[in-house]
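*Asks:* Below is the file run-v4.txt, which contains compact mmCIF, C-alpha atoms.
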# COMPACT_ATOMS: atom_id res chain seq x y z
CA MET A 1 100.10 88.68 180.10
CA LEU A 2 99.98 85.88 182.66
CA LYS A 3 99.61 83.34 179.85
CA GLU A 4 102.74 84.71 178.15
CA PHE A 5 104.63 84.51 181.44
CA ASP A 6 103.61 80.87 181.93
CA LYS A 7 104.65 80.11 178.37
CA ARG A 8 108.06 81.65 179.08
CA LYS A 9 108.45 79.54 182.23
CA LYS A 10 107.65 76.35 180.33
CA ARG A 11 110.10 77.29 177.58
CA ASN A 12 112.86 77.93 180.10
CA LEU A 13 112.09 74.68 181.90
CA ARG A 14 112.60 72.80 178.62
CA ARG A 15 115.88 74.63 178.13
CA VAL A 16 117.10 73.68 181.59
CA VAL A 17 116.18 70.05 180.94
CA LEU A 18 118.20 70.24 177.71
CA ILE A 19 121.22 71.56 179.63
CA PHE A 20 120.77 68.77 182.18
CA VAL A 21 120.76 66.06 179.49
CA PHE A 22 123.74 67.69 177.78
CA GLY A 23 125.68 67.87 181.04
CA ILE A 24 124.91 64.30 182.08
CA VAL A 25 125.92 62.86 178.70
CA LEU A 26 129.11 64.92 178.67
CA SER A 27 130.14 64.07 182.23
CA ALA A 28 129.35 60.34 182.05
CA ARG A 29 132.85 59.78 180.68
CA CYS A 30 134.31 61.07 183.97
CA TRP A 31 132.37 58.79 186.30
CA VAL A 32 134.49 56.30 188.25
CA GLY A 33 132.55 55.97 191.51
CA ILE A 34 135.70 55.91 193.64
CA VAL A 35 136.20 58.01 196.77
CA ASN A 36 139.94 58.30 197.31
CA CYS A 37 141.76 58.22 200.63
CA LEU A 38 141.92 62.01 201.00
CA ASN A 39 138.15 62.35 200.75
CA THR A 40 137.40 59.38 203.03
CA THR A 41 139.88 60.66 205.64
CA VAL A 42 137.91 63.91 206.01
CA TYR A 43 134.93 61.94 207.29
CA ALA A 44 137.01 60.64 210.22
CA PHE A 45 136.89 64.15 211.72
CA SER A 46 133.87 65.17 213.78
CA TYR A 47 132.89 67.58 216.55
CA LYS A 48 133.12 64.68 218.96
CA TYR A 49 136.73 65.89 219.34
CA GLY A 50 135.80 69.53 219.89
CA PHE A 51 135.56 72.43 217.50
CA ILE A 52 138.29 71.21 215.17
CA SER A 53 139.07 71.94 211.53
CA ARG A 54 137.18 70.09 208.76
CA ALA A 55 134.85 68.31 211.25
CA PHE A 56 131.55 69.57 209.85
CA MET A 57 131.12 66.97 207.10
CA GLY A 58 131.96 64.05 209.39
CA THR A 59 129.46 65.32 211.94
CA VAL A 60 126.73 65.72 209.29
CA LEU A 61 127.41 62.19 208.06
CA ARG A 62 127.00 60.81 211.58
CA VAL A 63 123.78 62.73 212.21
CA PHE A 64 122.40 61.66 208.83
CA ASN A 65 123.38 58.08 209.65
CA LEU A 66 121.41 58.18 212.91
CA VAL A 67 118.32 59.53 211.13
CA LEU A 68 118.66 57.02 208.29
CA ASN A 69 118.88 54.12 210.73
CA ILE A 70 115.44 55.02 212.08
CA PHE A 71 113.97 54.01 208.72
CA ALA A 72 116.49 51.48 207.39
CA PRO A 73 119.44 49.53 208.84
CA TYR A 74 122.09 51.09 206.59
CA ASP A 75 125.50 52.14 207.93
CA LEU A 76 126.95 55.25 206.29
CA LEU A 77 130.12 54.99 208.36
CA THR A 78 131.66 52.59 205.88
CA TYR A 79 133.37 53.07 202.55
CA GLU A 80 130.18 52.02 200.73
CA GLY A 81 128.21 54.47 202.86
CA ILE A 82 130.54 57.33 201.91
CA VAL A 83 130.16 56.43 198.22
CA PHE A 84 126.38 56.57 198.64
CA PHE A 85 126.61 59.91 200.47
CA SER A 86 128.88 61.30 197.74
CA LYS A 87 126.38 60.28 195.06
CA LEU A 88 123.67 62.09 197.04
CA LEU A 89 125.78 65.24 197.25
CA ASN A 90 126.44 65.21 193.49
CA THR A 91 122.73 64.77 192.78
CA ILE A 92 121.86 67.74 194.99
CA PHE A 93 124.64 69.85 193.44
CA ILE A 94 123.42 69.25 189.90
CA ALA A 95 119.81 69.90 190.95
CA MET A 96 120.88 73.19 192.55
CA LEU A 97 122.70 74.22 189.37
CA MET A 98 119.54 73.57 187.39
CA VAL A 99 117.50 75.65 189.84
CA LEU A 100 119.97 78.53 189.49
CA PHE A 101 119.77 78.33 185.69
CA TYR A 102 115.97 78.26 185.77
CA MET A 103 115.80 81.22 188.18
CA CYS A 104 118.21 83.27 186.08
CA LEU A 105 116.43 82.55 182.78
CA ASN A 106 113.10 83.61 184.26
CA ALA A 107 114.54 86.75 185.88
CA VAL A 108 116.61 88.07 182.97
CA GLU A 109 115.25 90.29 180.23
CA GLU A 110 113.63 88.06 177.61
CA ARG A 111 116.00 89.23 174.84
CA MET A 112 118.93 88.03 176.98
CA GLU A 113 117.69 84.46 177.44
CA VAL A 114 119.54 82.91 174.50
CA PRO A 115 122.91 84.60 175.23
CA MET A 116 122.55 83.56 178.87
CA LEU A 117 121.74 80.02 177.75
CA ALA A 118 125.07 79.90 175.88
CA VAL A 119 126.88 80.91 179.09
CA MET A 120 125.06 78.16 180.97
CA PHE A 121 126.10 75.53 178.43
CA VAL A 122 129.76 76.53 178.74
CA PHE A 123 129.58 76.57 182.54
CA SER A 124 127.89 73.15 182.52
CA ILE A 125 130.85 71.71 180.60
CA PHE A 126 133.08 72.65 183.53
CA ALA A 127 130.65 72.15 186.43
CA PHE A 128 128.92 68.84 185.71
CA PRO A 129 131.99 66.56 185.70
CA GLU A 130 133.98 68.49 188.32
CA TYR A 131 132.99 66.35 191.31
CA LEU A 132 132.67 63.02 189.52
CA THR A 133 136.38 62.30 189.07
CA GLU A 134 138.43 60.06 191.32
CA GLN A 135 140.24 63.10 192.73
CA ASN A 136 137.11 65.12 193.57
CA PHE A 137 134.29 62.59 194.07
CA GLY A 138 133.23 62.97 197.70
CA ARG A 139 135.27 66.14 198.20
CA SER A 140 133.90 68.78 200.54
CA ASP A 141 134.35 71.45 197.84
CA ILE A 142 130.99 70.42 196.41
CA CYS A 143 129.25 71.43 199.64
CA MET A 144 130.97 74.83 199.64
CA ALA A 145 129.74 75.37 196.08
CA MET A 146 126.21 74.38 197.12
CA VAL A 147 126.20 76.82 200.05
CA THR A 148 127.24 79.54 197.60
CA LEU A 149 124.43 78.62 195.19
CA LEU A 150 121.93 78.75 198.05
CA GLY A 151 123.17 82.23 198.94
CA CYS A 152 122.71 83.26 195.30
CA TYR A 153 119.09 82.08 195.39
CA LEU A 154 118.45 84.36 198.38
CA LEU A 155 120.12 87.33 196.68
CA ILE A 156 118.19 86.86 193.43
CA LYS A 157 114.85 86.53 195.22
CA GLU A 158 115.78 89.15 197.86
CA LYS A 159 114.25 87.00 200.58
CA TRP A 160 115.76 85.70 203.82
CA GLU A 161 119.06 87.31 202.87
CA TYR A 162 120.26 87.49 206.49
CA LEU A 163 120.67 83.72 206.26
CA ILE A 164 123.84 84.41 204.30
CA ILE A 165 125.57 85.15 207.62
CA PRO A 166 125.08 81.65 209.13
CA LEU A 167 125.55 80.07 205.70
CA SER A 168 128.98 81.71 205.50
CA ALA A 169 129.86 80.28 208.91
CA ILE A 170 128.74 76.79 207.88
CA ALA A 171 130.77 76.96 204.67
CA VAL A 172 133.97 77.90 206.55
CA CYS A 173 133.34 75.05 208.99
CA ILE A 174 133.07 72.67 206.02
CA HIS A 175 136.50 73.84 204.89
CA GLN A 176 138.22 77.10 205.80
CA GLY A 177 139.40 77.29 202.19
CA TYR A 178 135.88 78.58 201.44
CA VAL A 179 137.07 82.08 202.33
CA LEU A 180 139.48 82.03 199.38
CA MET A 181 137.62 79.76 196.94
CA PHE A 182 133.89 80.56 196.87
CA PHE A 183 133.08 83.30 199.38
CA ASN A 184 133.99 85.93 196.80
CA VAL A 185 130.76 85.23 194.86
CA LEU A 186 128.46 86.24 197.72
CA LEU A 187 130.64 89.13 198.88
CA VAL A 188 130.84 90.69 195.41
CA ILE A 189 127.09 90.37 194.80
CA LEU A 190 126.44 91.93 198.22
CA TRP A 191 128.93 94.67 197.34
CA CYS A 192 126.95 95.38 194.16
CA LYS A 193 123.71 95.50 196.13
CA ILE A 194 125.21 98.09 198.48
CA PHE A 195 125.80 100.36 195.47
CA ASP A 196 122.40 99.60 193.93
CA ASN A 197 120.29 100.50 196.96
CA GLU A 198 119.74 103.43 199.28
CA GLY A 199 118.50 104.04 202.79
CA GLY A 200 117.39 101.06 204.85
CA LYS A 201 118.07 98.49 202.12
CA ARG A 202 121.64 99.72 201.72
CA LYS A 203 122.16 99.46 205.49
CA LYS A 204 120.80 95.92 205.36
CA TYR A 205 123.32 94.85 202.73
CA ILE A 206 126.17 96.62 204.52
CA THR A 207 125.21 94.70 207.66
CA ILE A 208 125.05 91.34 205.85
CA PHE A 209 128.33 92.02 204.05
CA GLY A 210 130.14 93.12 207.22
CA ALA A 211 128.75 90.39 209.48
CA SER A 212 129.40 87.62 206.95
CA PHE A 213 132.94 88.82 206.35
CA LEU A 214 133.63 89.13 210.08
CA VAL A 215 132.20 85.71 210.99
CA ALA A 216 134.00 83.97 208.13
CA SER A 217 137.30 85.72 208.94
CA VAL A 218 137.18 84.83 212.65
CA LEU A 219 136.39 81.18 211.90
CA PHE A 220 139.10 81.09 209.21
CA LEU A 221 141.74 82.34 211.65
CA TYR A 222 140.60 80.07 214.48
CA LEU A 223 140.42 76.89 212.41
CA ASN A 224 143.75 77.57 210.74
CA PHE A 225 145.79 78.57 213.79
CA PHE A 226 144.02 77.79 217.08
CA SER A 227 142.09 74.52 216.68
CA HIS A 228 145.02 72.10 217.09
CA GLN A 229 145.57 72.17 220.89
CA ASN A 230 144.39 68.58 221.49
CA GLY A 231 145.73 67.17 218.24
CA LYS A 232 148.18 64.69 219.74
CA GLU A 233 145.50 63.22 222.00
CA ILE A 234 143.08 62.44 219.18
CA TYR A 235 145.50 61.67 216.33
CA ASP A 236 145.57 57.88 216.72
CA GLU A 237 141.78 57.53 217.05
CA ILE A 238 141.14 59.66 213.97
CA TYR A 239 143.79 57.72 212.04
CA ASN A 240 142.11 54.39 212.89
CA ILE A 241 138.65 55.67 211.93
CA ALA A 242 140.02 57.01 208.65
CA SER A 243 141.57 53.61 207.93
CA SER A 244 138.24 51.87 208.54
CA LEU A 245 136.44 54.24 206.13
CA ALA A 246 138.89 53.82 203.24
CA HIS A 247 138.15 51.09 200.70
CA ASP A 248 141.74 49.81 200.97
CA GLY A 249 142.62 51.01 204.48
CA VAL A 250 144.91 53.76 203.16
CA VAL A 251 144.86 57.00 205.17
CA HIS A 252 145.83 60.44 203.89
CA THR A 253 148.31 61.06 206.70
CA ASN A 254 149.30 64.54 205.50
CA LEU A 255 145.70 65.70 205.85
CA ILE A 256 145.52 64.57 209.49
CA LEU A 257 148.93 66.07 210.28
CA HIS A 258 147.82 69.37 208.75
CA GLU A 259 144.29 69.65 210.14
CA ILE A 260 144.78 67.99 213.54
CA LEU A 261 148.39 68.83 214.40
CA GLY A 262 148.70 72.00 212.33
CA GLU A 263 151.78 70.82 210.40
CA SER A 264 152.33 72.47 207.02
CA PRO A 265 152.66 70.10 204.04
CA PHE A 266 154.49 72.74 201.95
CA VAL A 267 157.94 71.09 201.98
CA ASN A 268 156.61 67.63 201.08
CA GLU A 269 154.57 69.10 198.24
CA TRP A 270 157.35 71.14 196.62
CA PRO A 271 157.61 68.97 193.45
CA GLU A 272 153.88 69.48 192.87
CA HIS A 273 154.31 73.23 193.41
CA VAL A 274 156.95 73.31 190.69
CA HIS A 275 154.67 71.46 188.29
CA ASN A 276 151.79 73.81 189.10
CA PHE A 277 153.94 76.87 188.37
CA GLN A 278 154.89 75.33 185.02
CA GLU A 279 151.39 74.19 184.14
CA LEU A 280 149.56 77.44 184.85
CA PRO A 281 151.06 79.42 181.91
CA VAL A 282 150.08 76.57 179.55
CA PHE A 283 146.51 76.73 180.82
CA LEU A 284 146.38 80.52 180.47
CA VAL A 285 147.63 80.35 176.88
CA LEU A 286 145.00 77.74 175.99
CA MET A 287 142.31 79.82 177.67
CA SER A 288 143.43 83.05 175.97
CA PRO A 289 140.31 83.38 173.71
CA TYR A 290 138.13 83.60 176.83
CA LEU A 291 140.61 85.83 178.66
CA VAL A 292 140.60 88.35 175.80
CA ILE A 293 136.78 88.48 175.78
CA ALA A 294 136.66 88.78 179.58
CA PHE A 295 139.28 91.55 179.62
CA ARG A 296 137.41 93.55 176.98
CA PHE A 297 134.07 93.03 178.74
CA PHE A 298 135.33 94.21 182.14
CA ARG A 299 137.40 97.05 180.67
CA ASN A 300 134.34 98.45 178.90
CA THR A 301 132.14 97.89 181.93
CA ILE A 302 134.48 99.78 184.26
CA ARG A 303 134.93 102.57 181.72
CA GLU A 304 131.18 103.05 181.41
CA ALA A 305 130.65 103.31 185.15
CA LYS A 306 130.78 106.79 186.65
CA GLY A 307 132.48 108.01 189.81
CA ALA A 308 132.41 105.67 192.81
CA TYR A 309 130.44 103.11 190.77
CA LYS A 310 133.72 102.14 189.12
CA LEU A 311 134.59 100.45 192.45
CA LYS A 312 131.47 98.33 192.11
CA TYR A 313 132.48 96.88 188.75
CA LEU A 314 136.17 96.75 189.61
CA ALA A 315 135.23 94.40 192.46
CA VAL A 316 133.30 92.20 190.00
CA ALA A 317 136.31 92.12 187.67
CA VAL A 318 138.95 91.22 190.27
CA GLY A 319 136.84 89.28 192.79
CA ALA A 320 138.46 85.97 191.86
CA ALA A 321 141.81 87.33 193.09
CA THR A 322 140.97 85.94 196.53
CA ILE A 323 142.40 82.64 195.25
CA LEU A 324 145.90 84.15 194.87
CA PRO A 325 147.13 82.98 198.32
CA ASP A 326 146.21 79.40 197.38
CA LEU A 327 148.00 79.75 194.04
CA ILE A 328 151.14 80.86 195.86
CA VAL A 329 151.34 78.55 198.87
CA LYS A 330 149.25 75.50 197.95
CA ILE A 331 148.93 72.90 195.22
CA ASP A 332 145.66 71.61 193.73
CA TYR A 333 145.62 74.05 190.81
CA GLY A 334 142.76 72.16 189.19
CA ARG A 335 140.53 73.07 192.13
CA TRP A 336 141.69 76.68 192.11
CA MET A 337 140.97 77.03 188.39
CA PHE A 338 137.46 75.67 188.88
CA SER A 339 136.81 78.11 191.73
CA ILE A 340 137.84 80.99 189.43
CA ILE A 341 135.58 79.72 186.64
CA PHE A 342 132.75 79.20 189.14
CA TYR A 343 133.17 82.78 190.41
CA TYR A 344 132.92 84.48 187.02
CA PHE A 345 130.10 82.38 185.59
CA VAL A 346 127.88 82.42 188.68
CA THR A 347 128.49 86.10 189.46
CA ILE A 348 127.73 87.23 185.91
CA LEU A 349 124.62 85.02 185.75
CA VAL A 350 123.29 86.53 188.98
CA LEU A 351 124.06 90.11 187.88
CA LEU A 352 122.33 89.48 184.55
CA ALA A 353 119.35 88.02 186.40
CA ARG A 354 119.26 91.17 188.55
CA ARG A 355 119.27 93.19 185.29
CA ASP A 356 122.31 95.25 186.19
CA PRO A 357 122.17 97.82 183.33
CA ILE A 358 125.89 98.16 182.62
CA ILE A 359 126.56 94.42 182.88
CA VAL A 360 123.58 93.67 180.60
CA ARG A 361 124.60 96.27 178.03
CA ASN A 362 128.23 95.17 177.75
CA PHE A 363 127.26 91.52 177.79
CA GLN A 364 124.94 92.22 174.86
CA ILE A 365 127.75 94.02 173.02
CA GLU A 366 130.04 90.99 173.40
CA THR A 367 127.36 88.52 172.29
CA ASP A 368 126.53 90.68 169.26
CA ARG A 369 130.21 90.77 168.40
CA MET A 370 130.41 86.97 168.52
CA LYS A 371 127.26 86.58 166.41
CA GLN A 372 129.16 88.26 163.60
CA ARG A 373 131.61 85.34 163.67
CA PRO A 374 129.34 82.29 164.15
CA ALA A 375 132.09 79.72 163.52
CA PHE A 376 134.25 81.28 166.23
CA PHE A 377 131.23 81.47 168.54
CA MET A 378 130.44 77.76 168.10
CA ALA A 379 134.10 76.88 168.68
CA LEU A 380 134.01 78.80 171.96
CA LEU A 381 131.02 76.74 173.07
CA ILE A 382 132.69 73.40 172.29
CA TYR A 383 136.31 74.26 173.14
CA PRO A 384 136.01 73.79 176.97
CA VAL A 385 135.42 70.05 176.49
CA LEU A 386 139.18 69.77 175.90
CA PHE A 387 139.88 71.03 179.44
CA THR A 388 137.41 68.98 181.38
CA PRO A 389 137.37 67.54 183.84
CA LEU A 390 139.52 69.90 185.85
CA THR A 391 141.20 67.67 188.38
CA ASP A 392 143.17 68.13 191.57
CA VAL A 393 146.91 68.78 191.78
CA TYR A 394 147.14 69.02 187.99
CA ILE A 395 144.74 71.35 186.23
CA CYS A 396 143.62 68.82 183.66
CA GLU A 397 144.97 66.00 181.53
CA LEU A 398 145.57 68.24 178.52
CA THR A 399 147.65 70.88 180.30
CA ASN A 400 149.48 68.20 182.28
CA ASN A 401 150.48 66.35 179.11
CA ILE A 402 151.56 69.53 177.31
CA THR A 403 153.60 70.65 180.32
CA ASN A 404 155.33 67.29 180.64
CA TYR A 405 156.08 67.28 176.91
CA LEU A 406 157.58 70.79 177.02
CA ILE A 407 159.72 69.92 180.05
CA TRP A 408 160.87 66.76 178.29
CA ARG A 409 161.79 68.68 175.13
CA LEU A 410 163.60 71.40 177.06
CA GLY A 411 165.43 68.70 178.96
CA GLY A 412 166.85 67.33 175.73
CA GLY A 413 164.32 64.60 174.97
CA VAL A 414 164.07 63.31 171.44
Taking this structure as input, can you express it in the form of structure tokens?
*Replies:*
Amino acid sequence: MLKEFDKRKKRNLRRVVLIFVFGIVLSARCWVGIVNCLNTTVYAFSYKYGFISRAFMGTVLRVFNLVLNIFAPYDLLTYEGIVFFSKLLNTIFIAMLMVLFYMCLNAVEERMEVPMLAVMFVFSIFAFPEYLTEQNFGRSDICMAMVTLLGCYLLIKEKWEYLIIPLSAIAVCIHQGYVLMFFNVLLVILWCKIFDNEGGKRKKYITIFGASFLVASVLFLYLNFFSHQNGKEIYDEIYNIASSLAHDGVVHTNLILHEILGESPFVNEWPEHVHNFQELPVFLVLMSPYLVIAFRFFRNTIREAKGAYKLKYLAVAVGAATILPDLIVKIDYGRWMFSIIFYYFVTILVLLARRDPIIVRNFQIETDRMKQRPAFFMALLIYPVLFTPLTDVYICELTNNITNYLIWRLGGGV
């Protein structure tokens, strides 16, 4: 029995290596190695100025720089240093994805390994290149995703799960947008664990869920509305530091005005809002094959659940709705779309790894249905390449080009 288990582990390790090679080859086309002015400006913030918004990453960079200088005279507080740090973050992110895949393959029922592997390949198409583009290389989003993956490890292994509470706090300090973008993954899995357990274990998960939600909510409100009191006093110094960190001296002024002075960029970004509203329907139409499968999967899952358990699976189905406020009041639809994709893929992988009976059964039904149409199934595996990489303000190059073409045609272009 032990020999068979070891054989399974080795087989899954080879599969993860295959996904890694596939992802690296696919994402190499997106590599530019440039950290833009928005992502260098973030590193000008630090807790030297008090408990201010978006200061966590700048503080970590400075601490890491002090430690690094003990062993080698290398200054991270330069543009080249930020590029190096961004490469390190991407390496860790990809490694953490591979660990999640390996954990899930080993935890899932053996008959579900191949269908799960297909899900991992599709998710890799989106995830590998996401933080390699000029818009997202060096962006703090990657750290929020990594904190979420770490929380998933704890929930799969059911060890040290109380660490999710401080991890949630750290993630909000990285960027308060975590509450809307990635926090839903951990909250929904915790919600499922509340339903799946009784007695002391249920109380434990209620405590983790409630404490994490409370801590994240308090930090979210503080950093959004109450952390700007000394903004005018520190504005010039932060601006000068941001200029010194940028490769061309350009500073993302709107970011400083928003995070340090609390000024809303909504009015200045209105043209981008309009484009986002036009681009989203194009993206949804192009993604319709996946949306139909997802709708059928969640409809059947909720129908199968009995009584109060319907609330469990309803939460899984609509958990990504936390991004709706961002879709309404902010731009960066490429980032929002990736956070939605991240939510569904990671949440389903974890629930499959935990062998949730209704999720497993309906997932098997969908995969069996697709096996009956192998050409369609293969197309679904390859199709996402057209959409990647998801970018920043615009969702991706394909949807941006289609949207611009449609606007041009409707405007009377020939």
*Asks:* Between A:Tyr239, A:Trp191, A:Trp160, A:Phe182, which has the minimum distance to Leu311 of chain A (counting only C-alpha atoms)?
*Replies:*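 Using only C-alpha atoms, Leu311 of chain A sits closest to A:Trp191.
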*Asks:* Where does segment 127-195 of chain A meet segment 20-23 of chain A within 10 Å, residue by residue, with the nearest atom pair and distance in Å to one decimal for each, counting only C-alpha atoms, listed by chain and rising number, as a tab-separated table?
*Replies:*
residue	atom	partner	partner_atom	distance
A:Ala127	CA	A:Gly23	CA	8.5
A:Phe128	CA	A:Gly23	CA	5.8
A:Pro129	CA	A:Gly23	CA	8.0
*Asks:* Quick one: residues within 12 Å of segment 72-88 of chain A, all atoms listed in the file, excluding same-chain residues fewer than 3 positions away - as a PyMOL selection string?
*Replies:* chain A and resi 31-37+39-45+57-69+91-95+131-134+136-143+241-250
*Asks:* Name all residues at most 12 Å from Phe266 of chain A (count only C-alpha atoms; drop same-chain ones fewer than 4 positions away) and give them as a ChimeraX atom specification.
*Replies:* /A:254-255,258,262,270-274,326,328-331
*Asks:* So, counting all atoms listed in the file, which residue among A:Arg409, A:Arg8, A:Lys306, A:Arg296 is closest to Arg369 of chain A?
*Replies:*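 Ranked by minimum distance to Arg369 of chain A, first place goes to A:Arg296.
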*Asks:* From the set A:Asn362, A:Val218, A:Val179, A:Met378, which residue has the shortest atom-to-atom contact distance to Ile323 of chain A, counting all atoms listed in the file?
*Replies:*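 Of A:Asn362, A:Val218, A:Val179, A:Met378, the one nearest Ile323 of chain A, counting all atoms listed in the file, is A:Val179.
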*Asks:* Quick one: pull the distance between atom CA of Ile340 of chain A and atom CA of Asp368 of chain A, Å, one decimal.
*Replies:* 25.1 Å
*Asks:* Quick one: segment 70-91 of chain A with N, CA and C atoms, as an mmCIF file, keeping the file's coordinate frame?
*Replies:*
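Final output, saved to out.cif:
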data_model
loop_
_atom_site.group_PDB
_atom_site.id
_atom_site.type_symbol
_atom_site.label_atom_id
_atom_site.label_comp_id
_atom_site.auth_asym_id
_atom_site.auth_seq_id
_atom_site.Cartn_x
_atom_site.Cartn_y
_atom_site.Cartn_z
ATOM 1 N N ILE A 70 116.812 55.095 211.560
ATOM 2 C CA ILE A 70 115.440 55.020 212.080
ATOM 3 C C ILE A 70 114.532 54.334 211.073
ATOM 4 N N PHE A 71 114.819 54.527 209.787
ATOM 5 C CA PHE A 71 113.970 54.010 208.720
ATOM 6 C C PHE A 71 114.539 52.758 208.055
ATOM 7 N N ALA A 72 115.874 52.627 208.051
ATOM 8 C CA ALA A 72 116.490 51.480 207.390
ATOM 9 C C ALA A 72 117.842 51.181 208.031
ATOM 10 N N PRO A 73 118.165 49.907 208.213
ATOM 11 C CA PRO A 73 119.440 49.530 208.840
ATOM 12 C C PRO A 73 120.608 49.633 207.850
ATOM 13 N N TYR A 74 121.003 50.874 207.541
ATOM 14 C CA TYR A 74 122.090 51.090 206.590
ATOM 15 C C TYR A 74 123.164 51.932 207.255
ATOM 16 N N ASP A 75 124.406 51.456 207.249
ATOM 17 C CA ASP A 75 125.500 52.140 207.930
ATOM 18 C C ASP A 75 126.275 53.014 206.942
ATOM 19 N N LEU A 76 126.193 54.332 207.141
ATOM 20 C CA LEU A 76 126.950 55.250 206.290
ATOM 21 C C LEU A 76 128.409 55.350 206.691
ATOM 22 N N LEU A 77 128.740 54.885 207.882
ATOM 23 C CA LEU A 77 130.120 54.990 208.360
ATOM 24 C C LEU A 77 130.956 53.813 207.874
ATOM 25 N N THR A 78 130.869 53.598 206.587
ATOM 26 C CA THR A 78 131.660 52.590 205.880
ATOM 27 C C THR A 78 132.081 53.206 204.551
ATOM 28 N N TYR A 79 132.969 52.551 203.851
ATOM 29 C CA TYR A 79 133.370 53.070 202.550
ATOM 30 C C TYR A 79 132.164 53.122 201.604
ATOM 31 N N GLU A 80 131.355 52.047 201.615
ATOM 32 C CA GLU A 80 130.180 52.020 200.730
ATOM 33 C C GLU A 80 129.196 53.128 201.108
ATOM 34 N N GLY A 81 129.086 53.406 202.409
ATOM 35 C CA GLY A 81 128.210 54.470 202.860
ATOM 36 C C GLY A 81 128.674 55.841 202.380
ATOM 37 N N ILE A 82 129.985 56.060 202.382
ATOM 38 C CA ILE A 82 130.540 57.330 201.910
ATOM 39 C C ILE A 82 130.330 57.477 200.405
ATOM 40 N N VAL A 83 130.441 56.388 199.661
ATOM 41 C CA VAL A 83 130.160 56.430 198.220
ATOM 42 C C VAL A 83 128.705 56.833 197.990
ATOM 43 N N PHE A 84 127.789 56.222 198.751
ATOM 44 C CA PHE A 84 126.380 56.570 198.640
ATOM 45 C C PHE A 84 126.151 58.046 198.971
ATOM 46 N N PHE A 85 126.752 58.519 200.042
ATOM 47 C CA PHE A 85 126.610 59.910 200.470
ATOM 48 C C PHE A 85 127.163 60.861 199.414
ATOM 49 N N SER A 86 128.265 60.480 198.792
ATOM 50 C CA SER A 86 128.880 61.300 197.740
ATOM 51 C C SER A 86 127.978 61.382 196.517
ATOM 52 N N LYS A 87 127.334 60.264 196.168
ATOM 53 C CA LYS A 87 126.380 60.280 195.060
ATOM 54 C C LYS A 87 125.220 61.231 195.374
ATOM 55 N N LEU A 88 124.763 61.205 196.619
ATOM 56 C CA LEU A 88 123.670 62.090 197.040
ATOM 57 C C LEU A 88 124.077 63.555 196.909
ATOM 58 N N LEU A 89 125.296 63.863 197.339
ATOM 59 C CA LEU A 89 125.780 65.240 197.250
ATOM 60 C C LEU A 89 125.866 65.706 195.798
ATOM 61 N N ASN A 90 126.357 64.848 194.903
ATOM 62 C CA ASN A 90 126.440 65.210 193.490
ATOM 63 C C ASN A 90 125.062 65.435 192.897
ATOM 64 N N THR A 91 124.096 64.613 193.272
ATOM 65 C CA THR A 91 122.730 64.770 192.780
ATOM 66 C C THR A 91 122.149 66.114 193.207
#
